[in-house]
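Chemist: This is upload.txt (compact mmCIF, N, CA and C atoms).
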# COMPACT_ATOMS: atom_id res chain seq x y z
N VAL A 9 -12.58 -0.89 0.77
CA VAL A 9 -11.61 -0.01 0.14
C VAL A 9 -12.11 1.41 0.34
N ARG A 10 -11.36 2.15 1.10
CA ARG A 10 -11.81 3.50 1.47
C ARG A 10 -11.31 4.58 0.50
N ASP A 11 -12.11 5.64 0.38
CA ASP A 11 -11.66 6.82 -0.36
C ASP A 11 -10.50 7.44 0.42
N GLY A 12 -9.53 7.98 -0.30
CA GLY A 12 -8.41 8.65 0.34
C GLY A 12 -7.39 7.70 0.94
N ARG A 13 -7.44 6.45 0.55
CA ARG A 13 -6.51 5.46 1.10
C ARG A 13 -5.06 5.82 0.75
N GLN A 14 -4.16 5.39 1.59
CA GLN A 14 -2.74 5.67 1.40
C GLN A 14 -2.02 4.55 0.65
N CYS A 15 -2.70 3.49 0.34
CA CYS A 15 -2.10 2.31 -0.29
C CYS A 15 -1.37 2.65 -1.60
N ASP A 16 -1.96 3.49 -2.40
CA ASP A 16 -1.34 3.83 -3.68
C ASP A 16 0.02 4.50 -3.49
N ARG A 17 0.11 5.38 -2.50
CA ARG A 17 1.38 6.06 -2.22
C ARG A 17 2.43 5.07 -1.71
N VAL A 18 2.03 4.21 -0.79
CA VAL A 18 2.97 3.24 -0.23
C VAL A 18 3.40 2.24 -1.30
N CYS A 19 2.48 1.82 -2.14
CA CYS A 19 2.80 0.88 -3.23
C CYS A 19 3.80 1.51 -4.20
N LYS A 20 3.58 2.74 -4.56
CA LYS A 20 4.49 3.44 -5.47
C LYS A 20 5.90 3.53 -4.88
N LEU A 21 5.98 3.82 -3.60
CA LEU A 21 7.27 3.87 -2.92
C LEU A 21 7.95 2.50 -2.92
N LEU A 22 7.20 1.47 -2.55
CA LEU A 22 7.77 0.12 -2.53
C LEU A 22 8.26 -0.32 -3.91
N LEU A 23 7.45 -0.06 -4.93
CA LEU A 23 7.84 -0.44 -6.29
C LEU A 23 9.12 0.27 -6.72
N SER A 24 9.21 1.56 -6.45
CA SER A 24 10.40 2.30 -6.87
C SER A 24 11.65 1.80 -6.15
N ARG A 25 11.53 1.52 -4.86
CA ARG A 25 12.69 1.02 -4.10
C ARG A 25 13.04 -0.41 -4.52
N PHE A 26 12.04 -1.23 -4.70
CA PHE A 26 12.28 -2.63 -5.05
C PHE A 26 12.90 -2.76 -6.44
N LEU A 27 12.31 -2.08 -7.40
CA LEU A 27 12.81 -2.19 -8.78
C LEU A 27 14.16 -1.51 -8.97
N LYS A 28 14.48 -0.59 -8.09
CA LYS A 28 15.80 0.03 -8.14
C LYS A 28 16.88 -0.98 -7.79
N THR A 29 16.58 -1.86 -6.84
CA THR A 29 17.57 -2.86 -6.42
C THR A 29 17.43 -4.19 -7.15
N GLN A 30 16.26 -4.45 -7.71
CA GLN A 30 15.99 -5.71 -8.41
C GLN A 30 15.33 -5.44 -9.76
N PRO A 31 16.00 -4.75 -10.67
CA PRO A 31 15.36 -4.34 -11.93
C PRO A 31 14.96 -5.50 -12.84
N GLU A 32 15.52 -6.67 -12.62
CA GLU A 32 15.19 -7.82 -13.47
C GLU A 32 13.88 -8.50 -13.06
N PHE A 33 13.33 -8.16 -11.92
CA PHE A 33 12.11 -8.79 -11.45
C PHE A 33 10.89 -8.20 -12.16
N VAL A 34 9.90 -9.02 -12.37
CA VAL A 34 8.62 -8.59 -12.93
C VAL A 34 7.63 -8.50 -11.76
N VAL A 35 7.03 -7.35 -11.60
CA VAL A 35 6.12 -7.13 -10.48
C VAL A 35 4.70 -6.93 -11.02
N THR A 36 3.77 -7.67 -10.47
CA THR A 36 2.36 -7.52 -10.82
C THR A 36 1.62 -7.09 -9.56
N VAL A 37 0.87 -6.01 -9.65
CA VAL A 37 0.10 -5.51 -8.52
C VAL A 37 -1.34 -6.00 -8.66
N ILE A 38 -1.82 -6.63 -7.61
CA ILE A 38 -3.22 -7.06 -7.55
C ILE A 38 -3.91 -6.17 -6.51
N ASP A 39 -4.83 -5.35 -6.96
CA ASP A 39 -5.49 -4.38 -6.09
C ASP A 39 -6.98 -4.71 -6.02
N PRO A 40 -7.50 -5.01 -4.81
CA PRO A 40 -8.93 -5.32 -4.68
C PRO A 40 -9.84 -4.24 -5.25
N LEU A 41 -9.41 -2.99 -5.19
CA LEU A 41 -10.22 -1.90 -5.74
C LEU A 41 -10.39 -2.05 -7.25
N GLU A 42 -9.33 -2.41 -7.93
CA GLU A 42 -9.37 -2.54 -9.39
C GLU A 42 -10.02 -3.86 -9.83
N LEU A 43 -9.92 -4.89 -9.01
CA LEU A 43 -10.46 -6.19 -9.41
C LEU A 43 -11.97 -6.26 -9.35
N ASP A 44 -12.55 -5.62 -8.36
CA ASP A 44 -14.00 -5.69 -8.17
C ASP A 44 -14.46 -7.14 -8.05
N ILE A 45 -13.77 -7.90 -7.21
CA ILE A 45 -14.12 -9.31 -6.96
C ILE A 45 -15.41 -9.36 -6.14
N PRO A 46 -16.32 -10.27 -6.47
CA PRO A 46 -17.57 -10.36 -5.72
C PRO A 46 -17.33 -10.83 -4.28
N LEU A 47 -18.29 -10.56 -3.42
CA LEU A 47 -18.20 -11.09 -2.06
C LEU A 47 -18.09 -12.61 -2.13
N LEU A 48 -17.32 -13.16 -1.23
CA LEU A 48 -17.05 -14.59 -1.24
C LEU A 48 -18.30 -15.40 -0.90
N LYS A 49 -18.77 -16.14 -1.88
CA LYS A 49 -19.84 -17.11 -1.69
C LYS A 49 -19.33 -18.49 -2.09
N LYS A 50 -18.50 -18.51 -3.13
CA LYS A 50 -17.96 -19.75 -3.63
C LYS A 50 -16.53 -19.49 -4.09
N PRO A 51 -15.53 -19.98 -3.36
CA PRO A 51 -14.14 -19.75 -3.75
C PRO A 51 -13.85 -20.32 -5.14
N PHE A 52 -12.84 -19.76 -5.77
CA PHE A 52 -12.44 -20.17 -7.11
C PHE A 52 -12.23 -21.68 -7.19
N HIS A 53 -11.55 -22.25 -6.23
CA HIS A 53 -11.20 -23.67 -6.27
C HIS A 53 -12.38 -24.60 -5.97
N TRP A 54 -13.54 -24.08 -5.65
CA TRP A 54 -14.72 -24.92 -5.46
C TRP A 54 -15.52 -25.11 -6.75
N HIS A 55 -15.18 -24.36 -7.78
CA HIS A 55 -15.89 -24.50 -9.05
C HIS A 55 -15.48 -25.81 -9.73
N LYS A 56 -16.44 -26.51 -10.27
CA LYS A 56 -16.17 -27.77 -10.95
C LYS A 56 -15.76 -27.52 -12.40
N PRO A 57 -15.02 -28.45 -13.00
CA PRO A 57 -14.64 -28.30 -14.42
C PRO A 57 -15.88 -28.08 -15.29
N GLY A 58 -15.79 -27.14 -16.21
CA GLY A 58 -16.89 -26.83 -17.10
C GLY A 58 -17.88 -25.82 -16.53
N GLU A 59 -17.75 -25.52 -15.26
CA GLU A 59 -18.65 -24.56 -14.61
C GLU A 59 -18.20 -23.14 -14.96
N THR A 60 -19.15 -22.25 -15.10
CA THR A 60 -18.83 -20.86 -15.40
C THR A 60 -18.23 -20.18 -14.17
N VAL A 61 -17.04 -19.61 -14.37
CA VAL A 61 -16.33 -18.92 -13.29
C VAL A 61 -16.14 -17.47 -13.73
N PRO A 62 -16.35 -16.52 -12.82
CA PRO A 62 -16.11 -15.13 -13.20
C PRO A 62 -14.68 -14.96 -13.75
N GLU A 63 -14.56 -14.25 -14.86
CA GLU A 63 -13.27 -14.09 -15.53
C GLU A 63 -12.22 -13.46 -14.61
N VAL A 64 -12.65 -12.53 -13.76
CA VAL A 64 -11.70 -11.89 -12.86
C VAL A 64 -11.05 -12.91 -11.93
N LEU A 65 -11.79 -13.92 -11.52
CA LEU A 65 -11.23 -14.96 -10.65
C LEU A 65 -10.25 -15.85 -11.41
N THR A 66 -10.59 -16.19 -12.63
CA THR A 66 -9.70 -17.02 -13.45
C THR A 66 -8.37 -16.32 -13.70
N LYS A 67 -8.43 -15.06 -14.08
CA LYS A 67 -7.21 -14.29 -14.37
C LYS A 67 -6.37 -14.10 -13.11
N THR A 68 -7.02 -13.76 -12.00
CA THR A 68 -6.29 -13.53 -10.76
C THR A 68 -5.68 -14.83 -10.23
N ALA A 69 -6.39 -15.92 -10.35
CA ALA A 69 -5.85 -17.22 -9.91
C ALA A 69 -4.59 -17.57 -10.69
N ALA A 70 -4.60 -17.31 -11.98
CA ALA A 70 -3.41 -17.59 -12.81
C ALA A 70 -2.22 -16.74 -12.37
N ILE A 71 -2.46 -15.48 -12.07
CA ILE A 71 -1.38 -14.60 -11.61
C ILE A 71 -0.81 -15.11 -10.29
N ILE A 72 -1.69 -15.46 -9.37
CA ILE A 72 -1.25 -15.93 -8.05
C ILE A 72 -0.46 -17.22 -8.17
N GLU A 73 -0.98 -18.17 -8.93
CA GLU A 73 -0.32 -19.47 -9.05
C GLU A 73 1.02 -19.39 -9.79
N GLU A 74 1.15 -18.47 -10.72
CA GLU A 74 2.39 -18.34 -11.49
C GLU A 74 3.45 -17.51 -10.77
N SER A 75 3.08 -16.82 -9.73
CA SER A 75 4.02 -15.96 -9.01
C SER A 75 5.01 -16.78 -8.20
N ASP A 76 6.22 -16.25 -8.10
CA ASP A 76 7.28 -16.92 -7.34
C ASP A 76 7.32 -16.46 -5.89
N ALA A 77 6.79 -15.27 -5.63
CA ALA A 77 6.80 -14.70 -4.28
C ALA A 77 5.72 -13.63 -4.19
N TYR A 78 5.43 -13.21 -2.96
CA TYR A 78 4.39 -12.21 -2.73
C TYR A 78 4.86 -11.16 -1.75
N VAL A 79 4.40 -9.93 -1.97
CA VAL A 79 4.51 -8.87 -0.98
C VAL A 79 3.08 -8.40 -0.74
N LEU A 80 2.62 -8.62 0.46
CA LEU A 80 1.26 -8.25 0.83
C LEU A 80 1.31 -6.86 1.45
N LEU A 81 0.69 -5.90 0.81
CA LEU A 81 0.68 -4.52 1.28
C LEU A 81 -0.72 -4.17 1.73
N SER A 82 -0.83 -3.69 2.97
CA SER A 82 -2.17 -3.42 3.48
C SER A 82 -2.15 -2.39 4.60
N ALA A 83 -3.24 -1.66 4.66
CA ALA A 83 -3.48 -0.78 5.81
C ALA A 83 -3.98 -1.63 6.97
N GLU A 84 -3.85 -1.08 8.15
CA GLU A 84 -4.50 -1.70 9.31
C GLU A 84 -5.92 -1.18 9.35
N TYR A 85 -6.88 -2.06 9.50
CA TYR A 85 -8.30 -1.69 9.51
C TYR A 85 -8.91 -2.28 10.76
N ASN A 86 -9.24 -1.46 11.73
CA ASN A 86 -9.81 -1.93 13.00
C ASN A 86 -8.98 -3.04 13.62
N GLN A 87 -7.69 -2.85 13.64
CA GLN A 87 -6.73 -3.77 14.24
C GLN A 87 -6.64 -5.11 13.52
N CYS A 88 -6.95 -5.13 12.24
CA CYS A 88 -6.83 -6.37 11.47
C CYS A 88 -6.69 -6.03 9.98
N MET A 89 -6.73 -7.06 9.16
CA MET A 89 -6.64 -6.90 7.71
C MET A 89 -7.98 -6.34 7.19
N PRO A 90 -7.94 -5.44 6.22
CA PRO A 90 -9.19 -4.89 5.67
C PRO A 90 -10.06 -5.98 5.03
N PRO A 91 -11.37 -5.85 5.15
CA PRO A 91 -12.28 -6.85 4.58
C PRO A 91 -12.09 -7.09 3.09
N ALA A 92 -11.79 -6.05 2.32
CA ALA A 92 -11.61 -6.23 0.86
C ALA A 92 -10.42 -7.14 0.57
N LEU A 93 -9.36 -7.02 1.34
CA LEU A 93 -8.19 -7.86 1.14
C LEU A 93 -8.47 -9.30 1.58
N THR A 94 -9.12 -9.45 2.71
CA THR A 94 -9.50 -10.79 3.17
C THR A 94 -10.38 -11.48 2.14
N ASN A 95 -11.36 -10.76 1.63
CA ASN A 95 -12.26 -11.32 0.62
C ASN A 95 -11.48 -11.77 -0.62
N THR A 96 -10.54 -10.94 -1.06
CA THR A 96 -9.74 -11.28 -2.24
C THR A 96 -8.91 -12.52 -2.00
N LEU A 97 -8.16 -12.56 -0.92
CA LEU A 97 -7.29 -13.70 -0.63
C LEU A 97 -8.07 -15.00 -0.44
N ASP A 98 -9.23 -14.91 0.21
CA ASP A 98 -10.01 -16.11 0.52
C ASP A 98 -10.66 -16.75 -0.71
N HIS A 99 -10.69 -16.06 -1.82
CA HIS A 99 -11.25 -16.64 -3.04
C HIS A 99 -10.36 -17.75 -3.62
N PHE A 100 -9.11 -17.81 -3.19
CA PHE A 100 -8.15 -18.72 -3.82
C PHE A 100 -7.64 -19.74 -2.81
N ALA A 101 -7.40 -20.95 -3.31
CA ALA A 101 -6.99 -22.07 -2.46
C ALA A 101 -5.69 -21.76 -1.72
N PRO A 102 -5.59 -22.21 -0.48
CA PRO A 102 -4.33 -22.02 0.26
C PRO A 102 -3.12 -22.58 -0.48
N LYS A 103 -3.32 -23.65 -1.25
CA LYS A 103 -2.18 -24.23 -1.98
C LYS A 103 -1.62 -23.26 -3.03
N SER A 104 -2.40 -22.26 -3.42
CA SER A 104 -1.91 -21.27 -4.38
C SER A 104 -0.74 -20.47 -3.81
N TYR A 105 -0.73 -20.34 -2.49
CA TYR A 105 0.28 -19.53 -1.81
C TYR A 105 1.39 -20.37 -1.18
N ASN A 106 1.23 -21.68 -1.17
CA ASN A 106 2.18 -22.57 -0.48
C ASN A 106 3.60 -22.48 -1.01
N ARG A 107 4.54 -22.54 -0.10
CA ARG A 107 5.97 -22.66 -0.39
C ARG A 107 6.51 -21.53 -1.26
N LYS A 108 5.94 -20.36 -1.08
CA LYS A 108 6.43 -19.19 -1.82
C LYS A 108 6.76 -18.11 -0.79
N PRO A 109 7.92 -17.48 -0.94
CA PRO A 109 8.29 -16.43 0.01
C PRO A 109 7.25 -15.32 0.02
N THR A 110 6.94 -14.84 1.22
CA THR A 110 5.95 -13.79 1.37
C THR A 110 6.44 -12.76 2.38
N ALA A 111 6.28 -11.51 2.03
CA ALA A 111 6.57 -10.41 2.95
C ALA A 111 5.28 -9.64 3.19
N VAL A 112 5.13 -9.10 4.38
CA VAL A 112 3.95 -8.32 4.71
C VAL A 112 4.40 -6.90 5.05
N VAL A 113 3.81 -5.93 4.36
CA VAL A 113 4.06 -4.52 4.62
C VAL A 113 2.72 -3.92 5.04
N SER A 114 2.68 -3.41 6.24
CA SER A 114 1.44 -2.80 6.72
C SER A 114 1.73 -1.37 7.16
N TYR A 115 0.70 -0.57 7.16
CA TYR A 115 0.85 0.83 7.55
C TYR A 115 -0.43 1.30 8.24
N SER A 116 -0.26 2.34 9.03
CA SER A 116 -1.39 2.92 9.74
C SER A 116 -1.01 4.32 10.18
N LEU A 117 -1.97 5.18 10.30
CA LEU A 117 -1.72 6.51 10.82
C LEU A 117 -1.66 6.49 12.35
N GLY A 118 -2.02 5.34 12.93
CA GLY A 118 -1.99 5.19 14.38
C GLY A 118 -0.58 4.98 14.92
N GLY A 119 -0.48 4.93 16.21
CA GLY A 119 0.80 4.81 16.90
C GLY A 119 1.52 3.48 16.72
N PHE A 120 0.83 2.46 16.24
CA PHE A 120 1.46 1.15 16.07
C PHE A 120 1.97 0.91 14.66
N GLY A 121 1.71 1.83 13.75
CA GLY A 121 2.26 1.73 12.40
C GLY A 121 1.79 0.54 11.59
N GLY A 122 0.64 -0.03 11.91
CA GLY A 122 0.09 -1.12 11.13
C GLY A 122 0.42 -2.51 11.62
N ILE A 123 1.16 -2.64 12.70
CA ILE A 123 1.60 -3.95 13.18
C ILE A 123 0.42 -4.85 13.57
N ARG A 124 -0.68 -4.25 13.98
CA ARG A 124 -1.84 -5.06 14.41
C ARG A 124 -2.57 -5.70 13.23
N MET A 125 -2.23 -5.30 11.99
CA MET A 125 -2.85 -5.91 10.81
C MET A 125 -2.24 -7.28 10.55
N VAL A 126 -1.00 -7.48 10.93
CA VAL A 126 -0.29 -8.72 10.62
C VAL A 126 -0.87 -9.85 11.47
N PRO A 127 -1.38 -10.91 10.81
CA PRO A 127 -1.99 -12.00 11.57
C PRO A 127 -0.98 -12.77 12.39
Here is the file; what I need is its structure written in the form of structure tokens.

Modeler:
Amino acid sequence: VRDGRQCDRVCKLLLSRFLKTQPEFVVTVIDPLELDIPLLKKPFHWHKPGETVPEVLTKTAAIIEESDAYVLLSAEYNQCMPPALTNTLDHFAPKSYNRKPTAVVSYSLGGFGGIRMVP
């Protein structure tokens, strides 16, 4: 997560446009900068029942699993997804994201406008 990132500006724009057309929707923003999730050593879904799990992972997993859809907003970082976002997403089981509509919004100051971030 870099200083001076443009993500906050793009997110604010997306939220204003989205909520203008869909005011009944509830939007939750998950930002790797605010979460301070540890580097991936043990994904959330690998923890056994009764095992101590970082609270940030428990709360974020609940948000992800309860969501009906996702909009993934990201800068292009060296022609791919930024490491902080990859680290955040990889903490949670793929089944958390299954069968839910997902949109990807990427941006870049380069000539490709972020398209190289999309896997």

Chemist: Per DSSP on the backbone, what are the alpha helix (DSSP H) residues of chain A, as a PyMOL selection string?

Modeler: chain A and resi 15-29+40-43+63-74+91-98

Chemist: Figure out the distance between atom N of Thr66 (chain A) and atom C of Phe52 (chain A), please, to one decimal in Å.

Modeler: 7.9 Å

Chemist: Please report the interatomic distance between CA of Ser104 (chain A) and atom C of Ile72 (chain A) in Å with one decimal.

Modeler: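 It comes out at 5.7 Å.
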
Chemist: Just how far from CA of Ser114 (chain A) is CA of Leu27 (chain A), in Å to one decimal?

Modeler: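 One can read the CA of Leu27 (chain A) to CA of Ser114 (chain A) distance as 19.2 Å.
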
Chemist: Among chain A, which residues does DSSP mark as strand (DSSP E) when it is run on the backbone? Keep the chain and numbering as in the structure and answer as a PyMOL selection string.

Modeler: chain A and resi 78-83+110-115

Chemist: Using N, CA and C atoms, can you write the selected residues to a file as a CSV table (one decimal), in the frame of the given file?

Modeler:
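In the end it all went to selection-v8.csv:
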chain,number,residue,atom,x,y,z
A,78,TYR,N,5.4,-13.2,-3.0
A,78,TYR,CA,4.4,-12.2,-2.7
A,78,TYR,C,4.9,-11.2,-1.8
A,79,VAL,N,4.4,-9.9,-2.0
A,79,VAL,CA,4.5,-8.9,-1.0
A,79,VAL,C,3.1,-8.4,-0.7
A,80,LEU,N,2.6,-8.6,0.5
A,80,LEU,CA,1.3,-8.2,0.8
A,80,LEU,C,1.3,-6.9,1.4
A,81,LEU,N,0.7,-5.9,0.8
A,81,LEU,CA,0.7,-4.5,1.3
A,81,LEU,C,-0.7,-4.2,1.7
A,82,SER,N,-0.8,-3.7,3.0
A,82,SER,CA,-2.2,-3.4,3.5
A,82,SER,C,-2.2,-2.4,4.6
A,83,ALA,N,-3.2,-1.7,4.7
A,83,ALA,CA,-3.5,-0.8,5.8
A,83,ALA,C,-4.0,-1.6,7.0
A,110,THR,N,6.9,-14.8,1.2
A,110,THR,CA,6.0,-13.8,1.4
A,110,THR,C,6.4,-12.8,2.4
A,111,ALA,N,6.3,-11.5,2.0
A,111,ALA,CA,6.6,-10.4,3.0
A,111,ALA,C,5.3,-9.6,3.2
A,112,VAL,N,5.1,-9.1,4.4
A,112,VAL,CA,4.0,-8.3,4.7
A,112,VAL,C,4.4,-6.9,5.0
A,113,VAL,N,3.8,-5.9,4.4
A,113,VAL,CA,4.1,-4.5,4.6
A,113,VAL,C,2.7,-3.9,5.0
A,114,SER,N,2.7,-3.4,6.2
A,114,SER,CA,1.4,-2.8,6.7
A,114,SER,C,1.7,-1.4,7.2
A,115,TYR,N,0.7,-0.6,7.2
A,115,TYR,CA,0.8,0.8,7.6
A,115,TYR,C,-0.4,1.3,8.2

Chemist: Would you pick out the contacts of region 115-124 of chain A at 8 Å or less, using only C-alpha atoms, so that residues sharing its chain but fewer than 5 positions from it are not included, and give the list as a ChimeraX atom specification?

Modeler: /A:82-84,87-88

Chemist: Compile the contact shell of Tyr78 (chain A) as an MDAnalysis selection string: residues with an atom at most 8 Å away, counting all atoms listed in the file, same-chain residues fewer than 2 positions apart removed.

Modeler: chainID A and resid 75:76 80:81 108:112

Chemist: Which residues are close to region 28-43 of chain A, i.e. within 7 Å by only N, CA and C atoms, leaving aside same-chain residues fewer than 6 positions away? Reply as a PyMOL selection string.

Modeler: chain A and resi 9+64+92-93+96

Chemist: Hey, what's within 12 Å of region 59-61 of chain A if we count only C-alpha atoms and toss same-chain stuff fewer than 6 positions away? As a list in words, please?

Modeler: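 With the cut-off at 12 Å, the set is Ile45, Pro46, Lys50, Pro51, Phe52, His53, Lys67, Thr68, Ala69 and His99 of chain A.
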